[in-house]
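The next block is data-v7.pdb, given as PDB, C-alpha atoms and all ligand atoms.
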MODEL        1
ATOM      1  CA  MET D   1     116.817 110.040 122.651
ATOM      2  CA  ALA D   2     115.369 106.604 123.419
ATOM      3  CA  THR D   3     114.815 104.153 120.616
ATOM      4  CA  VAL D   4     111.633 102.969 118.914
ATOM      5  CA  LEU D   5     111.465  99.173 118.844
ATOM      6  CA  ILE D   6     109.902  97.397 115.861
ATOM      7  CA  TYR D   7     109.433  93.767 116.813
ATOM      8  CA  TYR D   8     108.057  91.471 114.114
ATOM      9  CA  GLY D   9     107.428  87.898 113.042
ATOM     10  CA  THR D  10     107.772  86.712 109.465
ATOM     11  CA  SER D  11     107.949  83.416 107.551
ATOM     12  CA  GLU D  12     108.604  84.402 103.942
ATOM     13  CA  GLY D  13     109.894  87.920 104.561
ATOM     14  CA  GLN D  14     106.992  90.207 103.640
ATOM     15  CA  THR D  15     106.427  91.439 107.201
ATOM     16  CA  ALA D  16     110.186  91.968 107.512
ATOM     17  CA  LYS D  17     110.065  94.106 104.356
ATOM     18  CA  ILE D  18     107.152  96.137 105.758
ATOM     19  CA  ALA D  19     108.927  96.495 109.143
ATOM     20  CA  ARG D  20     112.057  97.779 107.357
ATOM     21  CA  HIS D  21     109.970 100.254 105.361
ATOM     22  CA  ILE D  22     108.325 101.598 108.542
ATOM     23  CA  GLY D  23     111.730 101.712 110.249
ATOM     24  CA  ALA D  24     113.252 103.701 107.389
ATOM     25  CA  SER D  25     110.313 106.072 107.425
ATOM     26  CA  LEU D  26     110.679 106.756 111.163
ATOM     27  CA  ALA D  27     114.452 107.129 110.816
ATOM     28  CA  GLU D  28     113.949 109.714 108.049
ATOM     29  CA  ARG D  29     111.955 111.754 110.559
ATOM     30  CA  GLY D  30     114.884 111.688 112.978
ATOM     31  CA  LEU D  31     113.826 108.803 115.225
ATOM     32  CA  GLU D  32     116.227 106.117 116.384
ATOM     33  CA  VAL D  33     114.880 102.695 115.404
ATOM     34  CA  GLU D  34     115.746  99.121 116.342
ATOM     35  CA  LEU D  35     114.330  96.230 114.286
ATOM     36  CA  VAL D  36     114.137  92.839 116.003
ATOM     37  CA  GLU D  37     112.899  89.714 114.226
ATOM     38  CA  SER D  38     111.112  87.195 116.442
ATOM     39  CA  PRO D  39     112.025  84.870 118.064
ATOM     40  CA  ALA D  40     115.128  86.988 118.830
ATOM     41  CA  VAL D  41     114.811  88.933 122.066
ATOM     42  CA  PRO D  42     115.159  92.748 122.061
ATOM     43  CA  PRO D  43     118.554  93.723 123.512
ATOM     44  CA  LEU D  44     117.017  96.129 126.048
ATOM     45  CA  PRO D  45     114.202  95.595 128.527
ATOM     46  CA  LEU D  46     110.979  96.755 126.917
ATOM     47  CA  ASP D  47     110.514  99.701 129.274
ATOM     48  CA  ALA D  48     113.794 101.180 127.993
ATOM     49  CA  TYR D  49     112.157 101.837 124.595
ATOM     50  CA  ARG D  50     110.415 105.083 123.796
ATOM     51  CA  ALA D  51     107.719 103.363 121.768
ATOM     52  CA  VAL D  52     107.036  99.884 120.412
ATOM     53  CA  LEU D  53     105.514  98.623 117.180
ATOM     54  CA  VAL D  54     104.746  94.937 116.749
ATOM     55  CA  GLY D  55     104.084  93.342 113.357
ATOM     56  CA  ASP D  56     103.161  89.802 112.411
ATOM     57  CA  SER D  57     101.828  87.720 109.538
ATOM     58  CA  ILE D  58      99.098  85.105 109.371
ATOM     59  CA  HIS D  59      99.708  81.472 108.444
ATOM     60  CA  VAL D  60      96.795  79.028 108.504
ATOM     61  CA  GLY D  61      94.720  81.478 110.488
ATOM     62  CA  ASN D  62      97.326  82.200 113.159
ATOM     63  CA  TYR D  63     100.053  84.657 114.023
ATOM     64  CA  HIS D  64     103.451  83.245 115.005
ATOM     65  CA  ARG D  65     103.284  81.776 118.496
ATOM     66  CA  PRO D  66     106.503  83.465 119.789
ATOM     67  CA  VAL D  67     105.114  86.877 118.790
ATOM     68  CA  MET D  68     101.828  86.200 120.589
ATOM     69  CA  LYS D  69     103.777  85.049 123.662
ATOM     70  CA  PHE D  70     105.904  88.201 123.517
ATOM     71  CA  ILE D  71     102.811  90.423 123.363
ATOM     72  CA  ALA D  72     100.996  88.577 126.139
ATOM     73  CA  ALA D  73     104.075  88.680 128.385
ATOM     74  CA  HIS D  74     104.603  92.417 127.836
ATOM     75  CA  GLN D  75     101.131  93.834 127.274
ATOM     76  CA  GLU D  76     101.261  96.047 130.379
ATOM     77  CA  THR D  77     104.635  97.539 129.422
ATOM     78  CA  LEU D  78     103.453  97.973 125.833
ATOM     79  CA  ALA D  79     100.389  99.880 126.996
ATOM     80  CA  LYS D  80     102.516 102.338 128.997
ATOM     81  CA  ARG D  81     104.253 103.771 125.938
ATOM     82  CA  PRO D  82     103.135 104.739 122.422
ATOM     83  CA  ASN D  83     102.465 101.458 120.641
ATOM     84  CA  GLY D  84     100.962  99.961 117.539
ATOM     85  CA  PHE D  85     100.343  96.689 115.757
ATOM     86  CA  PHE D  86     100.471  95.862 112.047
ATOM     87  CA  SER D  87      99.048  92.668 110.679
ATOM     88  CA  VAL D  88      99.998  91.093 107.344
ATOM     89  CA  CYS D  89      97.857  88.536 105.546
ATOM     90  CA  LEU D  90      96.463  87.502 102.196
ATOM     91  CA  ALA D  91      92.821  87.983 103.199
ATOM     92  CA  ALA D  92      93.465  91.742 103.194
ATOM     93  CA  ALA D  93      94.320  91.522  99.472
ATOM     94  CA  SER D  94      90.947  90.021  98.623
ATOM     95  CA  LYS D  95      88.064  91.946  97.101
ATOM     96  CA  LYS D  96      85.607  89.638  98.861
ATOM     97  CA  PRO D  97      83.966  91.335 101.880
ATOM     98  CA  GLU D  98      84.080  88.105 103.907
ATOM     99  CA  GLU D  99      87.865  87.872 103.415
ATOM    100  CA  GLN D 100      88.284  91.524 104.381
ATOM    101  CA  ALA D 101      86.266  90.786 107.526
ATOM    102  CA  LYS D 102      88.551  87.826 108.248
ATOM    103  CA  ALA D 103      91.610  90.079 107.945
ATOM    104  CA  LYS D 104      90.167  92.355 110.652
ATOM    105  CA  ALA D 105      89.052  89.418 112.805
ATOM    106  CA  PHE D 106      92.662  88.143 113.057
ATOM    107  CA  VAL D 107      93.526  91.366 114.916
ATOM    108  CA  ASP D 108      90.463  91.126 117.185
ATOM    109  CA  GLU D 109      91.472  87.579 118.051
ATOM    110  CA  MET D 110      95.019  88.717 118.859
ATOM    111  CA  MET D 111      93.601  91.355 121.232
ATOM    112  CA  THR D 112      91.380  88.795 122.961
ATOM    113  CA  GLN D 113      94.215  86.294 123.274
ATOM    114  CA  THR D 114      96.872  88.695 124.543
ATOM    115  CA  GLN D 115      94.757  91.352 126.287
ATOM    116  CA  TRP D 116      96.776  94.015 124.404
ATOM    117  CA  HIS D 117      94.736  96.783 122.793
ATOM    118  CA  PRO D 118      97.198  98.692 120.617
ATOM    119  CA  ASP D 119      96.923 102.487 120.202
ATOM    120  CA  ARG D 120      97.163 102.035 116.454
ATOM    121  CA  VAL D 121      96.345  99.077 114.242
ATOM    122  CA  ALA D 122      96.949  98.517 110.538
ATOM    123  CA  VAL D 123      96.072  95.561 108.359
ATOM    124  CA  PHE D 124      98.274  95.193 105.282
ATOM    125  CA  ALA D 125      97.951  92.837 102.357
ATOM    126  CA  GLY D 126     100.990  90.560 102.129
ATOM    127  CA  GLY D 127     102.017  88.495  99.154
ATOM    128  CA  ILE D 128     102.348  85.077  97.617
ATOM    129  CA  ALA D 129     105.999  84.003  97.638
ATOM    130  CA  TYR D 130     105.908  80.888  95.422
ATOM    131  CA  SER D 131     109.707  80.995  95.134
ATOM    132  CA  LYS D 132     109.965  80.335  98.879
ATOM    133  CA  TYR D 133     107.418  77.517  99.176
ATOM    134  CA  GLY D 134     107.850  73.770  99.026
ATOM    135  CA  LEU D 135     105.411  71.581  97.097
ATOM    136  CA  LEU D 136     102.665  71.501  99.709
ATOM    137  CA  LYS D 137     102.593  75.250 100.346
ATOM    138  CA  THR D 138     102.721  75.936  96.602
ATOM    139  CA  TRP D 139      99.703  73.685  96.088
ATOM    140  CA  LEU D 140      97.818  75.288  98.983
ATOM    141  CA  MET D 141      98.567  78.872  97.978
ATOM    142  CA  LYS D 142      97.831  78.218  94.303
ATOM    143  CA  ARG D 143      94.448  76.822  95.323
ATOM    144  CA  ILE D 144      93.688  79.923  97.421
ATOM    145  CA  ALA D 145      94.926  82.225  94.651
ATOM    146  CA  LYS D 146      92.824  80.439  92.054
ATOM    147  CA  SER D 147      89.647  81.001  94.056
ATOM    148  CA  ASP D 148      90.452  84.639  94.779
ATOM    149  CA  MET D 149      93.057  86.916  93.188
ATOM    150  CA  GLY D 150      93.810  84.523  90.334
ATOM    151  CA  ASP D 151      97.607  84.757  90.560
ATOM    152  CA  VAL D 152      98.591  81.151  89.859
ATOM    153  CA  ASP D 153     101.833  81.521  87.904
ATOM    154  CA  THR D 154     104.153  79.703  90.306
ATOM    155  CA  SER D 155     107.276  80.813  88.420
ATOM    156  CA  ARG D 156     107.019  84.241  90.061
ATOM    157  CA  ASP D 157     106.046  85.907  93.336
ATOM    158  CA  TYR D 158     103.171  88.339  93.888
ATOM    159  CA  GLU D 159     103.126  91.323  96.242
ATOM    160  CA  TYR D 160      99.841  93.003  97.194
ATOM    161  CA  THR D 161     101.126  95.363  99.885
ATOM    162  CA  ASP D 162      99.869  98.920  99.452
ATOM    163  CA  TRP D 163     103.014 100.881 100.271
ATOM    164  CA  ASP D 164     101.090 104.173 100.538
ATOM    165  CA  SER D 165      99.088 102.637 103.411
ATOM    166  CA  VAL D 166     102.307 101.454 105.059
ATOM    167  CA  GLU D 167     103.727 104.963 104.721
ATOM    168  CA  ALA D 168     100.520 106.505 106.137
ATOM    169  CA  PHE D 169     100.695 104.173 109.163
ATOM    170  CA  ALA D 170     104.352 105.073 109.774
ATOM    171  CA  ASN D 171     103.624 108.790 109.401
ATOM    172  CA  GLY D 172     100.638 108.685 111.770
ATOM    173  CA  PHE D 173     102.656 106.838 114.396
ATOM    174  CA  CYS D 174     105.577 109.233 114.001
ATOM    175  CA  GLU D 175     103.403 112.358 114.231
ATOM    176  CA  ASP D 176     101.817 111.007 117.409
ATOM    177  CA  LEU D 177     105.239 110.433 118.928
ATOM    178  CA  LEU D 178     106.601 113.833 117.989
ATOM    179  CA  ARG D 179     103.428 115.543 119.268
ATOM    180  CA  ARG D 180     103.764 113.783 122.627
ATOM    181  CA  ALA D 181     107.420 114.828 122.836
ATOM    182  CA  ALA D 182     106.669 118.518 122.072
TER     183      ALA D 182
HETATM  184  C1  LIG D 201     101.229  78.139 104.398
HETATM  185  C2  LIG D 201     100.590  79.502 104.368
HETATM  186  C3  LIG D 201      99.375  79.702 105.004
HETATM  187  C4  LIG D 201      98.761  80.955 104.963
HETATM  188  N1  LIG D 201      97.557  81.114 105.603
HETATM  189  C5  LIG D 201      96.926  82.306 105.516
HETATM  190  C6  LIG D 201      95.650  82.473 106.134
HETATM  191  O1  LIG D 201      95.109  81.591 106.802
HETATM  192  N2  LIG D 201      95.027  83.677 105.970
HETATM  193  C7  LIG D 201      95.592  84.712 105.266
HETATM  194  O2  LIG D 201      94.959  85.747 105.133
HETATM  195  N3  LIG D 201      96.824  84.571 104.700
HETATM  196  C8  LIG D 201      97.484  83.411 104.817
HETATM  197  N4  LIG D 201      98.720  83.257 104.242
HETATM  198  C9  LIG D 201      99.321  84.370 103.510
HETATM  199  C10 LIG D 201     100.431  85.105 104.296
HETATM  200  O3  LIG D 201      99.887  85.793 105.401
HETATM  201  C11 LIG D 201     101.120  86.080 103.338
HETATM  202  O4  LIG D 201     101.786  85.315 102.364
HETATM  203  C12 LIG D 201     102.076  87.033 104.022
HETATM  204  O5  LIG D 201     102.597  87.902 103.055
HETATM  205  C13 LIG D 201     103.192  86.291 104.726
HETATM  206  O6  LIG D 201     103.990  87.215 105.396
HETATM  207  P1  LIG D 201     105.482  86.839 105.859
HETATM  208  O7  LIG D 201     106.255  86.624 104.606
HETATM  209  O8  LIG D 201     105.937  88.024 106.611
HETATM  210  O9  LIG D 201     105.354  85.630 106.720
HETATM  211  C14 LIG D 201      99.372  82.025 104.271
HETATM  212  C15 LIG D 201     100.607  81.816 103.644
HETATM  213  C16 LIG D 201     101.213  80.583 103.684
HETATM  214  C17 LIG D 201     102.535  80.381 102.986
ENDMDL
END

Rewrite the coordinates I just gave you, this time as structure tokens.
Amino acid sequence: MATVLIYYGTSEGQTAKIARHIGASLAERGLEVELVESPAVPPLPLDAYRAVLVGDSIHVGNYHRPVMKFIAAHQETLAKRPNGFFSVCLAAASKKPEEQAKAKAFVDEMMTQTQWHPDRVAVFAGGIAYSKYGLLKTWLMKRIAKSDMGDVDTSRDYEYTDWDSVEAFANGFCEDLLRRAA
């Protein structure tokens, strides 16, 4: 059975954690899964994979450039097999409608930039990883947190990811795959 590729970009590790969770979920359902963290290159050509999920996080309004390049370079191959995209950002953790709209707009922008229109899309709230930031990022993120979720204790990290939503995304993708294979 061919493998499902989960290709992802991450800076502080939250998208990696989500990718691992999705991978474990698919593996539990009997699928073979390969996780590849950008900018590493998948060991097989993309058309050797049964299905591909791509995940990435937002920093200063942008996804990681190598992930965007990967998508743009492979969008035709991606479209020929079951595929999906999951986006991770802080805006998705906000209760403000304008921030929620921003979280969705990041994905629309990705589609415009890369010309890839994934079969499935999910937007997940990420976290604030104060323990992994230097002074400047701590200042920036504390300022954002102060004006929104209020989590300004820099002696700890905050995670806003809704793991039930992650699980639902993984299950939906898996059911699609198994239905197509039946
Ligand atoms: C320097 C920096 C800039 C960020 N900029 C944004 C942003 O513009 N919009 C947003 O919604 N989240 C932003 N975030 C939040 C990240 O998307 C969030 O922390 C996410 O969990 C990071 O995922 P990763 O650990 O996989 O990279 C930013 C985080 C950092 C550290």

How would you write, as a PyMOL selection string, the residues chosen by the PyMOL selection byres (((not hetatm)) within 8 of (chain D and resi 201)) on this structure?
chain D and resi 9-17+56-62+88-92+99+102-103+125-129+133+137-138+140-141+159

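Proximity to Arg20 in chain D was assessed for D:Arg179, D:Ala101, D:Ala93, D:Glu167 counting all atoms listed in the file; the smallest distance is recorded for D:Glu167.
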
I'd like to see the residues matched by the PyMOL selection byres (((chain D and resi 21) around 12) and not hetatm) on this file, and ideally I'd get them as a CSV table (one decimal) with C-alpha atoms, keeping the file's coordinate frame.
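Result saved to part.csv:
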chain,number,residue,atom,x,y,z
D,6,ILE,CA,109.9,97.4,115.9
D,14,GLN,CA,107.0,90.2,103.6
D,15,THR,CA,106.4,91.4,107.2
D,16,ALA,CA,110.2,92.0,107.5
D,17,LYS,CA,110.1,94.1,104.4
D,18,ILE,CA,107.2,96.1,105.8
D,19,ALA,CA,108.9,96.5,109.1
D,20,ARG,CA,112.1,97.8,107.4
D,22,ILE,CA,108.3,101.6,108.5
D,23,GLY,CA,111.7,101.7,110.2
D,24,ALA,CA,113.3,103.7,107.4
D,25,SER,CA,110.3,106.1,107.4
D,26,LEU,CA,110.7,106.8,111.2
D,27,ALA,CA,114.5,107.1,110.8
D,28,GLU,CA,113.9,109.7,108.0
D,33,VAL,CA,114.9,102.7,115.4
D,35,LEU,CA,114.3,96.2,114.3
D,161,THR,CA,101.1,95.4,99.9
D,162,ASP,CA,99.9,98.9,99.5
D,163,TRP,CA,103.0,100.9,100.3
D,164,ASP,CA,101.1,104.2,100.5
D,165,SER,CA,99.1,102.6,103.4
D,166,VAL,CA,102.3,101.5,105.1
D,167,GLU,CA,103.7,105.0,104.7
D,168,ALA,CA,100.5,106.5,106.1
D,169,PHE,CA,100.7,104.2,109.2
D,170,ALA,CA,104.4,105.1,109.8
D,171,ASN,CA,103.6,108.8,109.4

For the file shown, report as an mmCIF file with C-alpha atoms, in the frame of the given file the outcome of the PyMOL selection byres (((chain D and resi 36) around 7) and not hetatm) at residue level.
data_model
loop_
_atom_site.group_PDB
_atom_site.id
_atom_site.type_symbol
_atom_site.label_atom_id
_atom_site.label_comp_id
_atom_site.auth_asym_id
_atom_site.auth_seq_id
_atom_site.Cartn_x
_atom_site.Cartn_y
_atom_site.Cartn_z
ATOM 1 C CA ILE D 6 109.902 97.397 115.861
ATOM 2 C CA TYR D 7 109.433 93.767 116.813
ATOM 3 C CA TYR D 8 108.057 91.471 114.114
ATOM 4 C CA GLU D 34 115.746 99.121 116.342
ATOM 5 C CA LEU D 35 114.330 96.230 114.286
ATOM 6 C CA GLU D 37 112.899 89.714 114.226
ATOM 7 C CA SER D 38 111.112 87.195 116.442
ATOM 8 C CA ALA D 40 115.128 86.988 118.830
ATOM 9 C CA PRO D 42 115.159 92.748 122.061
#

Looking at only C-alpha atoms, which of D:Trp116, D:Phe124, D:Tyr130, D:Phe173 is the one that sits closest to Ser94 in chain D?
D:Phe124

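Computed from the coordinates, the CA of Leu44 in chain D to CA of Leu5 in chain D distance equals 9.6 Å.
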
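The nearest approach to Pro118 in chain D among the residues D:Asp47, D:Phe85, D:Pro39, D:Gly172, with only C-alpha atoms taken into account, belongs to D:Phe85.
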
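Atom pair CA of Gln113 in chain D / CA of Pro66 in chain D: separated by 13.1 Å.
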
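Take CA of Asp119 in chain D and CA of Tyr160 in chain D: the distance between them is 25.1 Å.
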
Padding 8 Å on every side, please: axis-aligned box over the listed atoms of range 139-150 of chain D, centre and edge lengths to one decimal in Å, as AutoDock Vina command-line options.
--center_x 94.7 --center_y 80.3 --center_z 94.7 --size_x 26.1 --size_y 29.2 --size_z 24.6

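With all atoms listed in the file as the basis for measurement, D:Leu46 is the residue among D:Leu46, D:Ala105, D:Met68, D:Met111 that approaches Lys80 in chain D most closely.
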
For Val54 in chain D, the closest of D:Leu178, D:Leu31, D:Met110, D:Ile144 counting all atoms listed in the file is D:Met110

Using only C-alpha atoms, which of the listed residues (D:Arg65, D:Arg50, D:Arg120, D:His74) sits closest to Phe86 in chain D?
D:Arg120

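A distance cut-off of 9 Å around (113.1, 83.3, 93.5), counting only C-alpha atoms, selects these protein and nucleic acid residues: Ala129, Tyr130, Ser131, Lys132, Ser155, Arg156 and Asp157 of chain D.
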
Generate the coordinates of all heavy atoms for range 104-115 of chain D; report them as a compact mmCIF listing (two decimals), in the frame of the given file.
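Saved as result-v3.txt:
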# COMPACT_ATOMS: atom_id res chain seq x y z
N LYS D 104 90.35 91.54 109.43
CA LYS D 104 90.17 92.36 110.65
C LYS D 104 90.00 91.46 111.87
O LYS D 104 90.49 91.76 112.96
CB LYS D 104 88.93 93.25 110.49
CG LYS D 104 89.12 94.34 109.46
CD LYS D 104 88.11 95.46 109.68
CE LYS D 104 88.32 96.59 108.70
NZ LYS D 104 87.78 96.29 107.35
N ALA D 105 89.32 90.32 111.67
CA ALA D 105 89.05 89.42 112.80
C ALA D 105 90.35 88.83 113.38
O ALA D 105 90.41 88.55 114.58
CB ALA D 105 88.11 88.30 112.36
N PHE D 106 91.38 88.66 112.53
CA PHE D 106 92.66 88.14 113.06
C PHE D 106 93.18 89.08 114.17
O PHE D 106 93.70 88.63 115.18
CB PHE D 106 93.72 88.06 111.95
CG PHE D 106 93.44 87.02 110.87
CD1 PHE D 106 93.63 87.31 109.53
CD2 PHE D 106 92.99 85.74 111.21
CE1 PHE D 106 93.38 86.37 108.54
CE2 PHE D 106 92.74 84.79 110.23
CZ PHE D 106 92.93 85.10 108.88
N VAL D 107 93.03 90.38 113.93
CA VAL D 107 93.53 91.37 114.92
C VAL D 107 92.67 91.32 116.19
O VAL D 107 93.20 91.35 117.30
CB VAL D 107 93.52 92.79 114.31
CG1 VAL D 107 94.00 93.81 115.35
CG2 VAL D 107 94.40 92.86 113.07
N ASP D 108 91.35 91.21 116.01
CA ASP D 108 90.46 91.13 117.18
C ASP D 108 90.82 89.91 118.04
O ASP D 108 90.86 89.98 119.27
CB ASP D 108 88.99 91.00 116.74
CG ASP D 108 88.51 92.27 116.06
OD1 ASP D 108 89.12 93.32 116.28
OD2 ASP D 108 87.52 92.19 115.31
N GLU D 109 91.11 88.82 117.35
CA GLU D 109 91.47 87.58 118.05
C GLU D 109 92.79 87.75 118.82
O GLU D 109 92.92 87.30 119.96
CB GLU D 109 91.57 86.45 117.00
CG GLU D 109 91.95 85.08 117.53
CD GLU D 109 90.99 84.52 118.56
OE1 GLU D 109 89.81 84.88 118.54
OE2 GLU D 109 91.46 83.72 119.41
N MET D 110 93.74 88.44 118.18
CA MET D 110 95.02 88.72 118.86
C MET D 110 94.76 89.51 120.14
O MET D 110 95.32 89.21 121.20
CB MET D 110 95.94 89.50 117.90
CG MET D 110 97.28 89.93 118.46
SD MET D 110 97.29 91.30 119.62
CE MET D 110 96.97 92.71 118.56
N MET D 111 93.87 90.51 120.05
CA MET D 111 93.60 91.36 121.23
C MET D 111 92.95 90.53 122.34
O MET D 111 93.27 90.70 123.52
CB MET D 111 92.70 92.52 120.84
CG MET D 111 93.39 93.52 119.93
SD MET D 111 92.54 95.09 119.88
CE MET D 111 91.93 95.13 118.24
N THR D 112 92.04 89.64 121.96
CA THR D 112 91.38 88.80 122.96
C THR D 112 92.39 87.86 123.62
O THR D 112 92.42 87.72 124.84
CB THR D 112 90.27 87.94 122.29
OG1 THR D 112 89.42 88.84 121.59
CG2 THR D 112 89.47 87.15 123.30
N GLN D 113 93.24 87.27 122.76
CA GLN D 113 94.22 86.29 123.27
C GLN D 113 95.25 86.91 124.19
O GLN D 113 95.64 86.33 125.19
CB GLN D 113 94.98 85.69 122.10
CG GLN D 113 94.47 84.35 121.64
CD GLN D 113 95.34 83.85 120.49
OE1 GLN D 113 96.56 84.04 120.48
NE2 GLN D 113 94.71 83.22 119.53
N THR D 114 95.72 88.12 123.83
CA THR D 114 96.87 88.70 124.54
C THR D 114 96.47 89.76 125.56
O THR D 114 97.29 90.17 126.38
CB THR D 114 97.85 89.37 123.56
OG1 THR D 114 97.16 90.46 122.93
CG2 THR D 114 98.36 88.39 122.51
N GLN D 115 95.23 90.25 125.43
CA GLN D 115 94.76 91.35 126.29
C GLN D 115 95.49 92.67 125.98
O GLN D 115 95.47 93.59 126.79
CB GLN D 115 94.91 91.01 127.77
CG GLN D 115 93.94 89.92 128.22
CD GLN D 115 92.49 90.33 127.99
OE1 GLN D 115 92.03 91.33 128.52
NE2 GLN D 115 91.76 89.57 127.18
